[in-house]
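In what follows, a structure is listed as structure tokens, so that the remarks can point back to it.
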Amino acid sequence: MRLSFSDVVSGGLFACALVAVGLMIRRDCGSRGQTGNSSFTAVPVSDWETLSQIGNRIGAPTPSMTIVEFVDFECPACRLFERDVLGPFLAEHRDKVQLVVRHWPLNQHPAAMPMAIASECAADQGAFEQFYRYAFESANVPTVEYPGQVASLIGIPDTARFVGCVQSDSVSARIDRDILAVRSIGGTGTPTIVVDGLKVTGIPTRYQLDSLFAIHAVNP
């Protein structure tokens with residue numbers, strides 16, 4: 001009998017897989033800025049379809065695995081996760097995995113909200129992925145103090161439109177929507193990660209993402 005992914009989850013096999021990869025991880029921005037260790041577990045979230053349909057997409061258009069990331073562009077843990085885990089994972093599985101990026105700018109990070117707004121303004125011109133890479137691949141946490149320079153740097157087509165968008169509040173409702181969404185699923189810090197309807201309670205390692213992907217590959 002061929003098992004579906006939902007059968008694996010409901011039948012307990014997925015829980016066994018999570019135990020097998022239950023490494024201890026450090027969460028730098030977890031619990032609203034506190035640091036500490038937490039074990040890797042995952043719990044179902046309600047209304048997964050709605051959660052995953054909203055946001056900016058990177059990767060496969062018809063994925064076998066979908067990751068929703070609630071992100072703060074100034075969060076050190078988000079930065080390390082993208083650099084060391086998520087970025088290399090997506091590069092290897094770009095034809096099968098889709099990342100859906102949503103926002104959770106934390107109050108203690110002054111650049112987080114302006115960066116979230118700028119990313120949405122970039123998305124309006126089809127340049128969200130370029131902005132996402134710019135935000136996390138820069139040597140230091142970037143800012144949008146000079147949005148015209150940012151537009152030129154990442155190749156946004158209409159600089160004047162981007163600058164006007166960044167300086168207005170026209171996209172702020174999208175960010176507010178994402179904050180409500182992550183709070184509704186019990187997010188405790190950034191990044192909050194949901195993999196095909198399962199909210200990860202810690203930041204997954206590369207080994208853990210590979211293990212989740214292997215389950216999908218066997219039971220698409």
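Numbering starts fresh at 1 for the residues of each chain in the structure tokens, the chains themselves are lettered A, B, ... in the order given, and ligands are numbered from 1 as they appear.
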If you run DSSP over the backbone, which residues in segment 103-170 of chain A end up alpha helix (DSSP H)? Put them as a ChimeraX atom specification.
/A:112-123,128-137,147-154,159-166
Counting only C-alpha atoms, which residues of segment 37-142 of chain A fall within 6 Å of segment 196-217 of chain A, and what is the closest atom pair for each with its distance in Å at one decimal, ordered by chain and rising number, as JSON lines?
```
{"residue": "A:Ser38", "atom": "CA", "partner": "A:Gly202", "partner_atom": "CA", "distance": 5.9}
{"residue": "A:Phe40", "atom": "CA", "partner": "A:Gly202", "partner_atom": "CA", "distance": 5.3}
{"residue": "A:Thr41", "atom": "CA", "partner": "A:Thr201", "partner_atom": "CA", "distance": 5.6}
{"residue": "A:Ala42", "atom": "CA", "partner": "A:Val200", "partner_atom": "CA", "distance": 4.3}
{"residue": "A:Val43", "atom": "CA", "partner": "A:Leu198", "partner_atom": "CA", "distance": 5.1}
{"residue": "A:Pro44", "atom": "CA", "partner": "A:Leu198", "partner_atom": "CA", "distance": 4.4}
{"residue": "A:Val45", "atom": "CA", "partner": "A:Gly197", "partner_atom": "CA", "distance": 5.6}
{"residue": "A:Trp48", "atom": "CA", "partner": "A:Gly197", "partner_atom": "CA", "distance": 5.2}
{"residue": "A:Thr66", "atom": "CA", "partner": "A:Asp196", "partner_atom": "CA", "distance": 5.4}
{"residue": "A:Val85", "atom": "CA", "partner": "A:Arg206", "partner_atom": "CA", "distance": 5.0}
```
Computed gap from atom CA of Asp95 of chain A to atom CA of Ser46 of chain A is 26.8 Å
Exercise. Using DSSP on the backbone coordinates, identify all residues within segment 9-198 of chain A classified as strand (DSSP E); present the result as a PyMOL selection string.
Key: chain A and resi 24-26+37-39+42-44+56-59+65-71+97-103+192-195+198
Same residues, N, CA and C atoms, output as a tab-separated table (two decimals), in the first residue's frame:
```tsv
chain	number	residue	atom	x	y	z
A	24	MET	N	19.45	19.39	19.23
A	24	MET	CA	19.23	20.61	19.97
A	24	MET	C	19.74	21.79	19.15
A	25	ILE	N	18.97	22.88	19.13
A	25	ILE	CA	19.32	24.01	18.28
A	25	ILE	C	19.26	25.31	19.08
A	26	ARG	N	19.99	26.32	18.60
A	26	ARG	CA	20.02	27.62	19.25
A	26	ARG	C	19.13	28.58	18.49
A	37	ASN	N	17.86	27.16	23.98
A	37	ASN	CA	17.84	25.93	23.21
A	37	ASN	C	16.45	25.34	23.22
A	38	SER	N	16.08	24.69	22.12
A	38	SER	CA	14.80	23.99	22.06
A	38	SER	C	14.97	22.78	21.17
A	39	SER	N	14.22	21.73	21.45
A	39	SER	CA	14.31	20.53	20.64
A	39	SER	C	13.43	20.67	19.41
A	42	ALA	N	7.39	19.23	15.67
A	42	ALA	CA	6.49	19.90	14.73
A	42	ALA	C	5.06	19.52	15.07
A	43	VAL	N	4.16	20.51	14.97
A	43	VAL	CA	2.76	20.28	15.28
A	43	VAL	C	1.92	20.83	14.13
A	44	PRO	N	0.77	20.20	13.84
A	44	PRO	CA	-0.07	20.68	12.75
A	44	PRO	C	-0.62	22.07	13.04
A	56	ASN	N	5.14	35.87	-0.56
A	56	ASN	CA	6.03	35.95	-1.72
A	56	ASN	C	6.77	34.64	-1.91
A	57	ARG	N	6.80	34.15	-3.15
A	57	ARG	CA	7.25	32.79	-3.43
A	57	ARG	C	8.62	32.76	-4.11
A	58	ILE	N	9.43	31.81	-3.64
A	58	ILE	CA	10.74	31.55	-4.22
A	58	ILE	C	10.84	30.05	-4.46
A	59	GLY	N	11.28	29.65	-5.64
A	59	GLY	CA	11.49	28.23	-5.90
A	59	GLY	C	10.49	27.64	-6.86
A	65	MET	N	7.13	20.11	-1.90
A	65	MET	CA	7.30	20.50	-0.50
A	65	MET	C	7.24	22.02	-0.42
A	66	THR	N	6.45	22.53	0.53
A	66	THR	CA	6.30	23.97	0.69
A	66	THR	C	6.71	24.38	2.09
A	67	ILE	N	7.55	25.39	2.17
A	67	ILE	CA	8.01	25.93	3.45
A	67	ILE	C	7.50	27.36	3.57
A	68	VAL	N	6.78	27.65	4.63
A	68	VAL	CA	6.39	29.03	4.94
A	68	VAL	C	7.33	29.55	6.01
A	69	GLU	N	7.93	30.70	5.74
A	69	GLU	CA	8.87	31.32	6.68
A	69	GLU	C	8.34	32.69	7.07
A	70	PHE	N	8.09	32.89	8.37
A	70	PHE	CA	7.78	34.22	8.89
A	70	PHE	C	9.11	34.83	9.33
A	71	VAL	N	9.48	35.93	8.70
A	71	VAL	CA	10.86	36.41	8.79
A	71	VAL	C	10.93	37.85	9.26
A	97	VAL	N	11.03	22.37	-4.27
A	97	VAL	CA	10.66	23.03	-3.01
A	97	VAL	C	10.30	24.48	-3.27
A	98	GLN	N	9.23	24.93	-2.64
A	98	GLN	CA	8.84	26.34	-2.74
A	98	GLN	C	8.90	26.98	-1.35
A	99	LEU	N	9.53	28.14	-1.27
A	99	LEU	CA	9.56	28.93	-0.05
A	99	LEU	C	8.54	30.05	-0.17
A	100	VAL	N	7.66	30.14	0.82
A	100	VAL	CA	6.70	31.23	0.90
A	100	VAL	C	7.13	32.13	2.04
A	101	VAL	N	7.51	33.35	1.72
A	101	VAL	CA	8.04	34.28	2.71
A	101	VAL	C	6.94	35.22	3.18
A	102	ARG	N	6.74	35.24	4.50
A	102	ARG	CA	5.81	36.18	5.12
A	102	ARG	C	6.56	36.96	6.21
A	103	HIS	N	5.94	37.99	6.73
A	103	HIS	CA	6.67	38.95	7.57
A	103	HIS	C	6.31	38.85	9.05
A	192	THR	N	9.84	31.84	12.23
A	192	THR	CA	8.86	30.79	12.47
A	192	THR	C	8.70	30.03	11.16
A	193	ILE	N	8.86	28.70	11.24
A	193	ILE	CA	8.89	27.85	10.05
A	193	ILE	C	7.73	26.87	10.08
A	194	VAL	N	6.99	26.79	8.96
A	194	VAL	CA	5.92	25.80	8.80
A	194	VAL	C	6.21	25.02	7.53
A	195	VAL	N	6.30	23.70	7.65
A	195	VAL	CA	6.59	22.83	6.51
A	195	VAL	C	5.36	21.99	6.21
A	198	LEU	N	2.97	21.74	9.07
A	198	LEU	CA	3.54	21.40	10.37
A	198	LEU	C	4.44	22.53	10.85
```
Separation of atom CA of Ala135 of chain A from atom CA of Phe73 of chain A, in Å and rounded to one decimal |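 These two atoms are separated by 6.5 Å.
Distance-wise, atom CA of Tyr134 of chain A and atom CA of Ser184 of chain A end up 29.2 Å apart.
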**Request:** Give me the residues within 8 Å of Val182 of chain A as a PyMOL selection string, counting only C-alpha atoms and dropping any in the same chain fewer than 3 places off.
**Result:** chain A and resi 70+104+178-179+185-187+192
*List the neighbours of Ser170 of chain A out to 10 Å using only C-alpha atoms; skip same-chain residues closer than 6 positions along the sequence, and give me the result as a list in words.*
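Those residues are Ile117, Glu120, Cys121 and Gly164 of chain A.
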From A:Leu86, A:Val141, A:Ala91, A:Ile54, residue lying nearest Glu74 of chain A [only C-alpha atoms]: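 Looking at the shortest contact to Glu74 of chain A, the residue is A:Val141.
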Practice problem: Using only C-alpha atoms, find the one residue out of A:Gly55, A:Ile154, A:Ala77, A:Met113 that sits nearest to Phe131 of chain A. | Solution: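 Once distances to Phe131 of chain A are computed over only C-alpha atoms, the minimum belongs to A:Ile154.
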| message | Which residues are near Pro110 of chain A? Cut-off 12 Å, only C-alpha atoms, ignore same chain within fewer than 6 positions. Put them as a PyMOL selection string. | response | chain A and resi 72-75+116+141-145
Save the residues we just selected, N, CA and C atoms, as a compact mmCIF listing (two decimals), in the first residue's frame?
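Final file, part.txt:
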```txt
# COMPACT_ATOMS: atom_id res chain seq x y z
N ASP A 72 12.04 38.16 9.92
CA ASP A 72 12.42 39.50 10.31
C ASP A 72 13.77 39.76 9.64
N PHE A 73 13.86 40.75 8.77
CA PHE A 73 15.07 40.96 8.00
C PHE A 73 16.26 41.45 8.84
N GLU A 74 16.01 41.84 10.09
CA GLU A 74 17.10 42.26 10.96
C GLU A 74 17.47 41.19 11.99
N CYS A 75 16.76 40.08 12.00
CA CYS A 75 16.97 39.04 13.00
C CYS A 75 18.24 38.24 12.72
N ALA A 116 10.78 45.23 5.64
CA ALA A 116 9.60 44.47 5.23
C ALA A 116 8.79 45.26 4.20
N VAL A 141 23.69 44.04 8.18
CA VAL A 141 22.25 44.23 8.00
C VAL A 141 22.02 45.50 7.18
N PRO A 142 21.42 45.38 6.00
CA PRO A 142 21.23 46.55 5.16
C PRO A 142 20.05 47.40 5.64
N THR A 143 19.96 48.60 5.11
CA THR A 143 18.83 49.47 5.41
C THR A 143 18.27 49.99 4.09
N VAL A 144 17.16 50.68 4.18
CA VAL A 144 16.58 51.31 2.99
C VAL A 144 16.53 52.83 3.21
N GLU A 145 17.55 53.35 3.89
CA GLU A 145 17.63 54.79 4.11
C GLU A 145 17.71 55.53 2.77
```
